[in-house]
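Participant: My structure file target_9.txt, compact mmCIF, C-alpha atoms, is below:
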```
# COMPACT_ATOMS: atom_id res chain seq x y z
CA MET K 1 60.56 106.99 96.22
CA THR K 2 57.50 104.84 95.69
CA ALA K 3 54.10 105.54 97.27
CA THR K 4 54.87 102.94 99.93
CA GLY K 5 58.04 104.77 100.97
CA THR K 6 60.39 102.36 99.22
CA LEU K 7 63.55 103.89 97.79
CA ARG K 8 64.20 103.23 94.11
CA ALA K 9 67.84 102.27 93.59
CA GLY K 10 70.00 101.67 90.54
CA LEU K 11 73.40 100.09 90.01
CA VAL K 12 76.11 101.05 87.53
CA GLY K 13 78.54 98.22 86.86
CA LEU K 14 78.00 94.48 87.14
CA GLY K 15 81.55 93.26 87.56
CA SER K 16 83.22 91.45 90.44
CA MET K 17 82.06 94.03 92.99
CA GLY K 18 78.89 95.12 91.23
CA ARG K 19 77.37 91.64 91.41
CA HIS K 20 77.64 91.72 95.21
CA HIS K 21 76.03 95.15 95.30
CA ALA K 22 73.20 93.76 93.16
CA ARG K 23 72.69 90.84 95.54
CA VAL K 24 72.51 93.08 98.59
CA LEU K 25 70.33 95.73 96.93
CA ALA K 26 67.85 93.08 95.76
CA GLY K 27 67.25 91.97 99.34
CA LEU K 28 67.65 95.28 101.16
CA GLU K 29 64.65 96.27 103.26
CA GLY K 30 63.01 99.48 102.12
CA VAL K 31 64.79 99.47 98.75
CA GLN K 32 63.81 98.32 95.27
CA LEU K 33 66.52 97.59 92.69
CA VAL K 34 64.92 99.01 89.53
CA GLY K 35 67.75 98.78 87.01
CA VAL K 36 71.38 97.86 86.38
CA VAL K 37 73.70 99.53 83.86
CA ASP K 38 76.33 97.43 82.13
CA PRO K 39 77.12 97.68 78.40
CA LEU K 40 78.25 94.03 78.43
CA GLY K 41 74.88 92.81 79.63
CA ASP K 42 74.28 90.13 82.25
CA THR K 43 75.44 86.75 81.01
CA ASN K 44 75.76 85.37 84.55
CA GLY K 45 72.37 86.30 86.00
CA TRP K 46 73.94 88.69 88.54
CA ALA K 47 71.33 91.44 88.06
CA GLN K 48 68.85 89.63 90.36
CA GLY K 49 66.07 89.96 87.79
CA ALA K 50 66.38 93.73 87.39
CA PRO K 51 66.42 95.10 83.83
CA VAL K 52 69.96 95.47 82.44
CA LEU K 53 70.52 98.74 80.58
CA ALA K 54 73.25 100.04 78.33
CA THR K 55 73.55 103.64 79.58
CA VAL K 56 73.20 105.75 82.71
CA GLU K 57 70.65 107.87 80.85
CA GLU K 58 68.36 104.84 80.54
CA LEU K 59 68.63 104.24 84.28
CA LEU K 60 67.79 107.87 85.05
CA ALA K 61 64.74 107.59 82.80
CA LEU K 62 63.38 104.88 85.10
CA GLY K 63 63.42 107.30 88.04
CA VAL K 64 65.82 106.47 90.87
CA ASP K 65 66.42 107.99 94.29
CA TYR K 66 70.03 106.82 94.44
CA ALA K 67 72.52 104.75 92.52
CA VAL K 68 75.54 102.65 93.41
CA VAL K 69 78.54 103.28 91.16
CA ALA K 70 80.64 100.11 90.78
CA CYS K 71 82.10 100.60 87.32
CA PRO K 72 85.88 100.91 86.71
CA THR K 73 87.54 103.67 88.72
CA ALA K 74 88.37 105.71 85.61
CA LEU K 75 84.61 106.10 84.95
CA HIS K 76 83.57 107.15 88.46
CA GLU K 77 83.80 110.87 87.76
CA GLU K 78 81.83 110.74 84.50
CA VAL K 79 79.06 108.60 85.96
CA GLY K 80 78.95 110.47 89.26
CA LEU K 81 78.60 113.85 87.56
CA LYS K 82 75.66 112.57 85.50
CA LEU K 83 73.93 111.38 88.66
CA ALA K 84 74.55 114.66 90.47
CA GLU K 85 73.24 116.70 87.54
CA ALA K 86 70.08 114.59 87.61
CA GLY K 87 69.62 115.17 91.36
CA VAL K 88 70.30 111.54 92.25
CA CYS K 89 72.18 110.52 95.41
CA ALA K 90 75.13 108.17 94.94
CA LEU K 91 77.23 105.59 96.72
CA ILE K 92 80.49 105.45 94.75
CA GLU K 93 82.90 102.55 95.12
CA LYS K 94 86.37 103.39 96.39
CA PRO K 95 88.46 105.17 95.41
CA VAL K 96 85.96 107.93 94.71
CA ALA K 97 87.94 108.93 91.57
CA ASP K 98 91.25 108.13 89.93
CA THR K 99 92.58 111.68 90.29
CA VAL K 100 92.48 114.34 93.00
CA GLU K 101 90.96 116.81 90.55
CA GLY K 102 88.21 114.35 89.61
CA ALA K 103 87.40 113.70 93.27
CA ARG K 104 87.17 117.45 93.90
CA ARG K 105 84.76 117.89 91.00
CA LEU K 106 82.55 115.14 92.41
CA VAL K 107 82.56 116.72 95.88
CA GLU K 108 81.52 120.06 94.39
CA ALA K 109 78.83 118.51 92.20
CA PHE K 110 77.06 116.70 95.02
CA GLU K 111 77.63 119.23 97.81
CA SER K 112 76.41 122.16 95.68
CA ARG K 113 73.13 120.31 95.13
CA ASP K 114 72.85 119.17 98.76
CA LEU K 115 72.73 115.53 97.67
CA VAL K 116 73.69 112.62 99.90
CA ALA K 117 76.78 110.94 98.49
CA GLY K 118 79.23 108.47 99.96
CA VAL K 119 82.23 106.33 99.15
CA GLY K 120 82.27 102.55 99.52
CA HIS K 121 85.20 102.27 101.91
CA ILE K 122 83.85 98.98 103.18
CA GLU K 123 86.45 98.45 105.90
CA ARG K 124 84.52 101.02 107.94
CA CYS K 125 81.79 98.38 108.15
CA ASN K 126 84.06 95.51 109.19
CA PRO K 127 82.94 94.35 112.66
CA ALA K 128 86.49 94.23 114.06
CA LEU K 129 87.29 97.78 112.95
CA ARG K 130 83.96 99.19 114.13
CA SER K 131 84.60 97.69 117.55
CA LEU K 132 88.19 98.97 117.52
CA ARG K 133 87.07 102.50 116.67
CA ALA K 134 84.47 102.53 119.44
CA ARG K 135 87.08 101.36 121.96
CA LEU K 136 89.53 104.04 120.87
CA GLU K 137 86.82 106.69 121.15
CA ALA K 138 86.09 105.44 124.67
CA GLY K 139 89.75 105.96 125.57
CA GLU K 140 90.46 102.29 126.29
CA LEU K 141 93.96 102.52 124.80
CA GLY K 142 94.94 105.86 126.33
CA ASP K 143 97.38 107.83 124.17
CA VAL K 144 97.74 106.30 120.70
CA TYR K 145 101.30 105.92 119.45
CA GLN K 146 101.23 103.94 116.19
CA VAL K 147 98.97 102.36 113.56
CA VAL K 148 100.36 99.51 111.43
CA THR K 149 98.54 97.84 108.55
CA ARG K 150 99.47 94.95 106.27
CA ARG K 151 97.32 94.10 103.25
CA GLN K 152 98.91 91.37 101.16
CA GLY K 153 97.75 88.76 98.69
CA PRO K 154 97.91 87.43 95.14
CA PHE K 155 97.29 89.63 92.10
CA PRO K 156 93.55 90.20 91.44
CA HIS K 157 92.90 89.84 87.71
CA ARG K 158 89.75 91.96 88.10
CA ILE K 159 91.90 95.12 88.38
CA ALA K 160 93.36 96.66 85.23
CA ASP K 161 93.04 100.44 85.48
CA VAL K 162 94.88 101.32 88.71
CA GLY K 163 97.80 100.08 90.78
CA VAL K 164 97.92 98.69 94.28
CA VAL K 165 98.07 102.15 95.89
CA LYS K 166 94.72 103.34 94.56
CA ASP K 167 93.02 99.94 94.68
CA LEU K 168 94.19 98.52 98.02
CA ALA K 169 96.21 101.09 99.97
CA THR K 170 93.21 103.43 99.90
CA HIS K 171 91.49 100.95 102.24
CA ASP K 172 94.26 101.37 104.81
CA ILE K 173 94.54 105.13 104.37
CA ASP K 174 90.83 105.59 104.98
CA LEU K 175 90.52 103.15 107.88
CA THR K 176 93.54 104.67 109.64
CA GLY K 177 92.08 108.16 109.55
CA TRP K 178 88.63 106.84 110.45
CA VAL K 179 89.55 104.74 113.50
CA THR K 180 91.85 107.44 114.92
CA GLY K 181 89.83 110.52 113.93
CA GLN K 182 93.03 112.08 112.59
CA THR K 183 94.43 113.17 109.22
CA TYR K 184 97.77 112.51 107.53
CA THR K 185 100.34 115.31 107.76
CA SER K 186 103.23 113.54 105.98
CA ILE K 187 103.94 110.37 104.04
CA ALA K 188 107.03 108.70 102.57
CA ALA K 189 106.81 105.65 100.33
CA HIS K 190 108.56 103.21 98.04
CA THR K 191 106.91 101.15 95.30
CA VAL K 192 107.93 98.37 92.96
CA SER K 193 106.36 96.86 89.85
CA LYS K 194 107.24 93.24 89.26
CA SER K 195 104.21 91.82 87.45
CA GLY K 196 104.88 93.44 84.08
CA ARG K 197 101.96 95.86 84.36
CA PRO K 198 102.23 99.65 83.97
CA HIS K 199 101.19 100.21 87.58
CA GLU K 200 102.90 99.49 90.90
CA ASP K 201 102.05 96.22 92.64
CA MET K 202 103.81 96.73 95.98
CA VAL K 203 104.09 99.73 98.30
CA SER K 204 105.66 100.37 101.67
CA ALA K 205 104.76 103.68 103.31
CA VAL K 206 105.38 105.42 106.62
CA GLY K 207 103.74 108.59 107.77
CA LYS K 208 102.48 110.78 110.57
CA LEU K 209 98.99 111.83 111.63
CA SER K 210 97.84 115.22 112.87
CA ASP K 211 98.18 114.21 116.54
CA GLY K 212 101.70 112.83 116.02
CA THR K 213 100.68 109.17 115.70
CA MET K 214 103.06 107.14 113.53
CA VAL K 215 101.62 105.04 110.69
CA SER K 216 103.06 102.24 108.58
CA HIS K 217 101.43 100.50 105.61
CA LEU K 218 102.62 97.44 103.67
CA VAL K 219 100.42 96.62 100.69
CA ASN K 220 101.04 94.29 97.77
CA TRP K 221 99.70 91.98 95.09
CA LEU K 222 102.83 89.82 95.13
CA SER K 223 102.28 87.59 98.14
CA PRO K 224 100.83 84.06 98.16
CA LEU K 225 99.88 84.83 101.77
CA LYS K 226 96.60 86.67 102.10
CA GLU K 227 96.76 89.01 105.07
CA ARG K 228 94.55 91.81 106.38
CA PHE K 229 96.18 93.11 109.55
CA THR K 230 95.64 96.32 111.51
CA SER K 231 97.28 97.06 114.85
CA VAL K 232 96.94 100.16 117.00
CA THR K 233 99.52 100.52 119.77
CA GLY K 234 99.10 102.93 122.64
CA GLU K 235 99.68 103.66 126.29
CA ARG K 236 97.65 100.76 127.65
CA GLY K 237 98.49 98.10 125.10
CA CYS K 238 97.79 97.07 121.53
CA PHE K 239 94.64 96.25 119.57
CA VAL K 240 95.05 93.81 116.66
CA ALA K 241 92.27 93.49 114.09
CA ASP K 242 92.16 90.69 111.51
CA THR K 243 89.66 91.94 108.97
CA LEU K 244 89.59 88.64 107.08
CA THR K 245 88.07 86.88 110.10
CA ALA K 246 86.65 90.04 111.75
CA ASP K 247 88.48 89.20 114.98
CA LEU K 248 89.69 91.85 117.43
CA THR K 249 92.30 91.07 120.08
CA PHE K 250 93.70 93.24 122.85
CA HIS K 251 97.19 92.77 124.27
CA SER K 252 97.43 94.74 127.50
CA ASN K 253 100.45 96.63 128.76
CA ALA K 254 100.79 95.26 132.28
CA ALA K 255 103.23 98.01 133.28
CA VAL K 256 100.51 100.68 133.17
CA ALA K 257 98.61 99.22 136.12
CA THR K 258 101.58 98.83 138.46
CA GLU K 259 101.18 100.24 141.97
CA TRP K 260 104.84 99.96 142.93
CA GLU K 261 106.01 103.56 143.28
CA ALA K 262 109.59 102.79 142.18
CA LEU K 263 108.36 101.34 138.89
CA ARG K 264 105.75 103.98 138.23
CA ALA K 265 108.49 106.44 137.32
CA PHE K 266 109.46 104.27 134.36
CA ARG K 267 106.75 104.34 131.71
CA GLY K 268 107.74 101.02 130.19
CA VAL K 269 105.92 98.12 128.63
CA ALA K 270 105.33 94.64 130.00
CA GLU K 271 103.39 91.74 128.55
CA GLY K 272 99.94 91.48 130.08
CA ASP K 273 96.64 89.77 129.44
CA MET K 274 95.41 88.94 125.95
CA VAL K 275 91.68 89.19 125.24
CA ARG K 276 89.85 88.22 122.05
CA TYR K 277 86.51 89.98 121.93
CA ALA K 278 83.25 88.31 120.94
CA ILE K 279 81.84 90.54 118.19
CA PRO K 280 78.60 90.10 116.21
CA LYS K 281 79.76 89.48 112.64
CA ARG K 282 77.31 90.90 110.12
CA GLU K 283 78.25 91.14 106.44
CA PRO K 284 80.13 94.45 105.95
CA LEU K 285 78.56 95.14 102.54
CA LEU K 286 75.05 94.77 103.98
CA VAL K 287 75.94 97.14 106.82
CA GLU K 288 77.34 99.63 104.30
CA HIS K 289 74.10 99.56 102.30
CA GLU K 290 71.94 99.92 105.40
CA LEU K 291 73.92 102.95 106.54
CA PHE K 292 73.71 104.59 103.12
CA ARG K 293 69.97 103.87 102.81
CA ASP K 294 69.44 105.49 106.20
CA ALA K 295 71.56 108.48 105.17
CA VAL K 296 69.40 109.00 102.07
CA LEU K 297 66.34 108.87 104.32
CA GLY K 298 67.92 111.42 106.69
CA LYS K 299 68.11 108.92 109.56
CA SER K 300 71.89 108.66 109.86
CA ASP K 301 75.14 110.28 108.77
CA ASP K 302 77.40 107.30 109.48
CA ILE K 303 78.87 107.05 105.99
CA CYS K 304 82.18 107.87 104.35
CA THR K 305 81.48 111.24 102.75
CA LEU K 306 82.83 112.30 99.38
CA ARG K 307 85.00 114.88 101.13
CA GLN K 308 86.56 112.13 103.25
CA GLY K 309 86.97 110.06 100.09
CA LEU K 310 88.72 113.04 98.48
CA ARG K 311 91.13 113.20 101.40
CA THR K 312 92.01 109.53 100.90
CA VAL K 313 92.70 110.14 97.19
CA GLU K 314 94.93 113.09 98.14
CA VAL K 315 96.97 110.89 100.49
CA ALA K 316 97.20 108.13 97.84
CA ALA K 317 98.48 110.71 95.34
CA ALA K 318 101.06 111.80 97.92
CA VAL K 319 102.18 108.17 98.34
CA LEU K 320 102.77 107.90 94.58
CA GLU K 321 104.50 111.31 94.51
CA SER K 322 106.84 110.27 97.32
CA ALA K 323 107.65 106.98 95.59
CA ALA K 324 108.43 108.82 92.35
CA THR K 325 110.57 111.56 93.88
CA GLY K 326 112.11 109.87 96.90
CA ASP K 327 110.94 112.77 99.08
CA THR K 328 108.65 112.89 102.11
CA VAL K 329 105.44 114.61 101.05
CA ARG K 330 103.73 117.02 103.43
CA LEU K 331 99.97 117.24 103.65
CA ASP K 332 97.86 119.74 105.54
CA GLY K 333 96.36 118.37 108.76
CA ALA K 334 92.86 119.69 108.24
CA ALA K 335 90.15 118.01 110.27
CA ARG K 336 88.23 115.19 108.64
CA GLY K 337 84.96 116.54 107.25
```
Would you mind writing the file out in structure tokens?

Facilitator:
Amino acid sequence: MTATGTLRAGLVGLGSMGRHHARVLAGLEGVQLVGVVDPLGDTNGWAQGAPVLATVEELLALGVDYAVVACPTALHEEVGLKLAEAGVCALIEKPVADTVEGARRLVEAFESRDLVAGVGHIERCNPALRSLRARLEAGELGDVYQVVTRRQGPFPHRIADVGVVKDLATHDIDLTGWVTGQTYTSIAAHTVSKSGRPHEDMVSAVGKLSDGTMVSHLVNWLSPLKERFTSVTGERGCFVADTLTADLTFHSNAAVATEWEALRAFRGVAEGDMVRYAIPKREPLLVEHELFRDAVLGKSDDICTLRQGLRTVEVAAAVLESAATGDTVRLDGAARG
């Protein structure tokens, strides 16, 4: 930290996501972007004027309080361990690592040194989902029965090292646990690979959470339709979040409010009012950076922790195991930490 109280931040990786991190870091209040690591250099001017370095060691030599890790997933563990060993806090892009074992090593490395570390599960910062979570916590839906997500779109050529489960389904796994406050206890899945790549490009999964809530995820890179849909159905109706537009809509269950004694005995469902909420729509990546900055400063703990990121990787591994074996995979229902 500088004498003026400004945090010194670094960035590792200047690809399709890293360039956005650089943009936000360069304008983030209370933070100075002091260096960017990318062996390929910066031919597009994405580093926002910060020096571009070839190695993590060069970045550490500049002196940084924290670093954002936005390199390919396969390198997250190696880079993260170097940062932890140097006593540097880290915000690691999702998924936290490409294996469960790697994620566990990262958790141990940062927790054992009491360093602030988080995972960039950016959907937690989407305005629609933040509003949805707050409404669920306030009990507006009553008992929650089911969470359904659909995340579909064309193949992203930026991704080469993982399949759709680790790249995209991890969004839905994390947001489902986060908005409900529950963990996965079982998952069953099917995958297909149609694009000629070694990894899967479509997955359909169903599962159960620790409170009995049903979940369903449809994720693919094979659709010309781009869709980001999350619905939570419960006793009093259904919330629908469109995370592309950051809109949240509530469809009420009119049967819940009935005062007719003869109908009260039947806990059915009837179509009621539909409300689309007016939500302030700030850029999710900026919100993510503000929350992590505040966590480093000890002002907030509203981040996705490495341990939560590990749990998401464990569920993703279970999805792939189920798809490979045809079996339902059981997971422990430990509380989210």

Participant: Closest to Met17 in chain K among K:Glu93, K:Asp327, K:Asp302, K:Asp332, using all atoms listed in the file?

Facilitator: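 Closest to Met17 in chain K, using all atoms listed in the file: K:Glu93.
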
Participant: Measure the distance from CA of Glu29 in chain K to CA of Arg307 in chain K in Å and round it to one decimal.

Facilitator: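 Going from CA of Glu29 in chain K over to CA of Arg307 in chain K covers 27.7 Å.
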
Participant: Could you check how far CA of Met1 in chain K sits from CA of Leu285 in chain K, in Å to one decimal?

Facilitator: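 CA of Leu285 in chain K lies 22.5 Å from CA of Met1 in chain K.
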
Participant: Please report the interatomic distance between CA of Thr55 in chain K and CA of Val79 in chain K in Å with one decimal.

Facilitator: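 Going from CA of Thr55 in chain K over to CA of Val79 in chain K, I get 9.8 Å.
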
Participant: Between K:Phe239, K:Val162, K:Thr170, K:Leu222, which has the minimum distance to Pro198 in chain K (counting only C-alpha atoms)?

Facilitator: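 So, comparing all the options, the nearest one is K:Val162.
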
Participant: Just the residues within 9 Å of Gly30 in chain K, please, counting only C-alpha atoms, with nothing from its chain fewer than 6 positions along; format it as JSON, numbers by chain.

Facilitator: {"K": [5, 6, 7, 8, 293]}

Participant: So which one's closest to Asp211 in chain K, K:Ser16, K:Ser223, K:Thr233, K:Gln182? Using only C-alpha atoms, please.

Facilitator: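 Using only C-alpha atoms, the shortest distance to Asp211 in chain K belongs to K:Gln182.
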
Participant: Have a look at K:Leu244, K:Ala74, K:Ile92, K:Ala109 and name the one nearest to Ile303 in chain K; count all atoms listed in the file.

Facilitator: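 Under the stated criterion, the closest residue is K:Ile92.
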
Participant: Counting all atoms listed in the file, select every polymer residue within 12 Å of (90.9, 107.3, 93.8) as defined in the file's coordinates, and provide the selection as an mmCIF file with C-alpha atoms, in the coordinates of the input.

Facilitator:
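Once written, point24.cif looks like this:
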```
data_model
loop_
_atom_site.group_PDB
_atom_site.id
_atom_site.type_symbol
_atom_site.label_atom_id
_atom_site.label_comp_id
_atom_site.auth_asym_id
_atom_site.auth_seq_id
_atom_site.Cartn_x
_atom_site.Cartn_y
_atom_site.Cartn_z
ATOM 1 C CA PRO K 72 85.880 100.910 86.710
ATOM 2 C CA THR K 73 87.540 103.670 88.720
ATOM 3 C CA ALA K 74 88.370 105.710 85.610
ATOM 4 C CA LEU K 75 84.610 106.100 84.950
ATOM 5 C CA HIS K 76 83.570 107.150 88.460
ATOM 6 C CA GLU K 77 83.800 110.870 87.760
ATOM 7 C CA ILE K 92 80.490 105.450 94.750
ATOM 8 C CA GLU K 93 82.900 102.550 95.120
ATOM 9 C CA LYS K 94 86.370 103.390 96.390
ATOM 10 C CA PRO K 95 88.460 105.170 95.410
ATOM 11 C CA VAL K 96 85.960 107.930 94.710
ATOM 12 C CA ALA K 97 87.940 108.930 91.570
ATOM 13 C CA ASP K 98 91.250 108.130 89.930
ATOM 14 C CA THR K 99 92.580 111.680 90.290
ATOM 15 C CA VAL K 100 92.480 114.340 93.000
ATOM 16 C CA GLU K 101 90.960 116.810 90.550
ATOM 17 C CA GLY K 102 88.210 114.350 89.610
ATOM 18 C CA ALA K 103 87.400 113.700 93.270
ATOM 19 C CA ARG K 104 87.170 117.450 93.900
ATOM 20 C CA LEU K 106 82.550 115.140 92.410
ATOM 21 C CA VAL K 119 82.230 106.330 99.150
ATOM 22 C CA GLY K 120 82.270 102.550 99.520
ATOM 23 C CA HIS K 121 85.200 102.270 101.910
ATOM 24 C CA ASP K 161 93.040 100.440 85.480
ATOM 25 C CA VAL K 162 94.880 101.320 88.710
ATOM 26 C CA GLY K 163 97.800 100.080 90.780
ATOM 27 C CA VAL K 164 97.920 98.690 94.280
ATOM 28 C CA VAL K 165 98.070 102.150 95.890
ATOM 29 C CA LYS K 166 94.720 103.340 94.560
ATOM 30 C CA ASP K 167 93.020 99.940 94.680
ATOM 31 C CA LEU K 168 94.190 98.520 98.020
ATOM 32 C CA ALA K 169 96.210 101.090 99.970
ATOM 33 C CA THR K 170 93.210 103.430 99.900
ATOM 34 C CA HIS K 171 91.490 100.950 102.240
ATOM 35 C CA ILE K 173 94.540 105.130 104.370
ATOM 36 C CA ASP K 174 90.830 105.590 104.980
ATOM 37 C CA LEU K 306 82.830 112.300 99.380
ATOM 38 C CA GLN K 308 86.560 112.130 103.250
ATOM 39 C CA GLY K 309 86.970 110.060 100.090
ATOM 40 C CA LEU K 310 88.720 113.040 98.480
ATOM 41 C CA ARG K 311 91.130 113.200 101.400
ATOM 42 C CA THR K 312 92.010 109.530 100.900
ATOM 43 C CA VAL K 313 92.700 110.140 97.190
ATOM 44 C CA GLU K 314 94.930 113.090 98.140
ATOM 45 C CA VAL K 315 96.970 110.890 100.490
ATOM 46 C CA ALA K 316 97.200 108.130 97.840
ATOM 47 C CA ALA K 317 98.480 110.710 95.340
ATOM 48 C CA ALA K 318 101.060 111.800 97.920
ATOM 49 C CA LEU K 320 102.770 107.900 94.580
#
```

Participant: For Ala246 in chain K, please output as a list in words all residues within 9 Å (counting only C-alpha atoms; exclusion window: fewer than 2 positions along the same chain).

Facilitator: Asn126, Pro127, Ala128, Leu129, Ala241, Asp242, Thr243, Leu244, Leu248, Ile279 and Lys281 of chain K

Participant: Please provide as JSON, numbers by chain all residues within 9 Å of Gly177 in chain K, with the sequence filter that same-chain residues fewer than 5 positions apart are discarded (counting only C-alpha atoms).

Facilitator: {"K": [172, 182, 183, 184, 209, 312, 336]}

Participant: Show me, as a PyMOL selection string, the residues that have an atom within 7 Å of Leu175 in chain K when counting all atoms listed in the file, minus same-chain residues fewer than 4 positions from it.

Facilitator: chain K and resi 123-124+171+179

Participant: Would you pick out the contacts of Ala50 in chain K at 12 Å or less, using only C-alpha atoms, so that residues sharing its chain but fewer than 2 positions from it are not included, and give the list as a ChimeraX atom specification?

Facilitator: /K:8-11,14,19,22-23,25-26,32-38,41-42,45-48,52-53,59,62

Participant: Go through K:Glu57, K:Glu321, K:Glu290, K:Glu271 and flag the residue nearest Thr191 in chain K, using all atoms listed in the file for the distances.

Facilitator: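 Answer, going by the shortest atom-to-atom distance: K:Glu321.
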
Participant: Find the residue from K:His21, K:Leu91, K:Ser193, K:Leu115 that sits nearest to Pro284 in chain K; use all atoms listed in the file when measuring.

Facilitator: K:His21

Participant: Can you find the residues with an atom no farther than 8 Å from (103.0, 90.9, 131.7), counting all atoms listed in the file, and report them as a list in words?

Facilitator: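 Taken together, the residues in range are Ser252, Asn253, Ala254, Ala255, Ala270, Glu271, Gly272 and Asp273 of chain K.
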
Participant: For the interface of range 172-269 of chain K with range 139-153 of chain K (cut-off 8 Å, counting all atoms listed in the file), please tabulate each contacting residue of range 172-269 of chain K alongside its nearest pair of atoms and their separation in Å to one decimal, rows sorted by chain and increasing number, as JSON lines.

Facilitator:
```
{"residue": "K:Asp172", "atom": "CA", "partner": "K:Thr149", "partner_atom": "CA", "distance": 6.7}
{"residue": "K:Thr176", "atom": "CA", "partner": "K:Val147", "partner_atom": "CA", "distance": 7.1}
{"residue": "K:Gly212", "atom": "CA", "partner": "K:Tyr145", "partner_atom": "CA", "distance": 7.7}
{"residue": "K:Thr213", "atom": "CA", "partner": "K:Tyr145", "partner_atom": "CA", "distance": 5.0}
{"residue": "K:Met214", "atom": "CA", "partner": "K:Gln146", "partner_atom": "CA", "distance": 4.5}
{"residue": "K:Val215", "atom": "CA", "partner": "K:Val147", "partner_atom": "CA", "distance": 4.7}
{"residue": "K:Ser216", "atom": "CA", "partner": "K:Val148", "partner_atom": "CA", "distance": 4.8}
{"residue": "K:His217", "atom": "CA", "partner": "K:Thr149", "partner_atom": "CA", "distance": 4.9}
{"residue": "K:Leu218", "atom": "CA", "partner": "K:Arg150", "partner_atom": "CA", "distance": 4.8}
{"residue": "K:Val219", "atom": "CA", "partner": "K:Arg151", "partner_atom": "CA", "distance": 4.7}
{"residue": "K:Asn220", "atom": "CA", "partner": "K:Gln152", "partner_atom": "CA", "distance": 5.0}
{"residue": "K:Trp221", "atom": "CA", "partner": "K:Gly153", "partner_atom": "CA", "distance": 5.2}
{"residue": "K:Leu222", "atom": "CA", "partner": "K:Gly153", "partner_atom": "CA", "distance": 6.3}
{"residue": "K:Ser223", "atom": "CA", "partner": "K:Gly153", "partner_atom": "CA", "distance": 4.7}
{"residue": "K:Pro224", "atom": "CA", "partner": "K:Gly153", "partner_atom": "CA", "distance": 5.6}
{"residue": "K:Leu225", "atom": "CA", "partner": "K:Gly153", "partner_atom": "CA", "distance": 5.4}
{"residue": "K:Lys226", "atom": "CA", "partner": "K:Gly153", "partner_atom": "CA", "distance": 4.2}
{"residue": "K:Glu227", "atom": "CA", "partner": "K:Gln152", "partner_atom": "CA", "distance": 5.0}
{"residue": "K:Arg228", "atom": "CA", "partner": "K:Arg151", "partner_atom": "CA", "distance": 4.8}
{"residue": "K:Phe229", "atom": "CA", "partner": "K:Arg150", "partner_atom": "CA", "distance": 5.0}
{"residue": "K:Thr230", "atom": "CA", "partner": "K:Thr149", "partner_atom": "CA", "distance": 4.4}
{"residue": "K:Ser231", "atom": "CA", "partner": "K:Val148", "partner_atom": "CA", "distance": 5.2}
{"residue": "K:Val232", "atom": "CA", "partner": "K:Val147", "partner_atom": "CA", "distance": 4.6}
{"residue": "K:Thr233", "atom": "CA", "partner": "K:Gln146", "partner_atom": "CA", "distance": 5.2}
{"residue": "K:Gly234", "atom": "CA", "partner": "K:Val144", "partner_atom": "CA", "distance": 4.1}
{"residue": "K:Glu235", "atom": "CA", "partner": "K:Asp143", "partner_atom": "CA", "distance": 5.2}
{"residue": "K:Arg236", "atom": "CA", "partner": "K:Leu141", "partner_atom": "CA", "distance": 5.0}
{"residue": "K:Gly237", "atom": "CA", "partner": "K:Leu141", "partner_atom": "CA", "distance": 6.3}
{"residue": "K:Cys238", "atom": "CA", "partner": "K:Leu141", "partner_atom": "CA", "distance": 7.4}
```

Participant: Missing atoms in range 206-213 of chain K need filling: write out N, CA, C and O atoms for it as an mmCIF file, in the coordinates of the input.

Facilitator:
```cif
data_model
loop_
_atom_site.group_PDB
_atom_site.id
_atom_site.type_symbol
_atom_site.label_atom_id
_atom_site.label_comp_id
_atom_site.auth_asym_id
_atom_site.auth_seq_id
_atom_site.Cartn_x
_atom_site.Cartn_y
_atom_site.Cartn_z
ATOM 1 N N VAL K 206 105.409 104.991 105.211
ATOM 2 C CA VAL K 206 105.380 105.420 106.620
ATOM 3 C C VAL K 206 104.932 106.871 106.642
ATOM 4 O O VAL K 206 105.191 107.636 105.707
ATOM 5 N N GLY K 207 104.241 107.235 107.710
ATOM 6 C CA GLY K 207 103.740 108.590 107.770
ATOM 7 C C GLY K 207 103.433 109.026 109.180
ATOM 8 O O GLY K 207 103.699 108.309 110.153
ATOM 9 N N LYS K 208 102.844 110.225 109.277
ATOM 10 C CA LYS K 208 102.480 110.780 110.570
ATOM 11 C C LYS K 208 101.104 111.405 110.474
ATOM 12 O O LYS K 208 100.746 112.009 109.451
ATOM 13 N N LEU K 209 100.326 111.258 111.558
ATOM 14 C CA LEU K 209 98.990 111.830 111.630
ATOM 15 C C LEU K 209 99.019 113.153 112.371
ATOM 16 O O LEU K 209 100.026 113.529 112.986
ATOM 17 N N SER K 210 97.899 113.862 112.333
ATOM 18 C CA SER K 210 97.840 115.220 112.870
ATOM 19 C C SER K 210 98.078 115.296 114.369
ATOM 20 O O SER K 210 98.440 116.358 114.884
ATOM 21 N N ASP K 211 97.894 114.195 115.109
ATOM 22 C CA ASP K 211 98.180 114.210 116.540
ATOM 23 C C ASP K 211 99.552 113.637 116.862
ATOM 24 O O ASP K 211 99.884 113.415 118.026
ATOM 25 N N GLY K 212 100.368 113.368 115.827
ATOM 26 C CA GLY K 212 101.700 112.830 116.020
ATOM 27 C C GLY K 212 101.799 111.320 115.944
ATOM 28 O O GLY K 212 102.901 110.765 115.995
ATOM 29 N N THR K 213 100.665 110.628 115.808
ATOM 30 C CA THR K 213 100.680 109.170 115.700
ATOM 31 C C THR K 213 101.465 108.731 114.469
ATOM 32 O O THR K 213 101.304 109.293 113.379
#
```
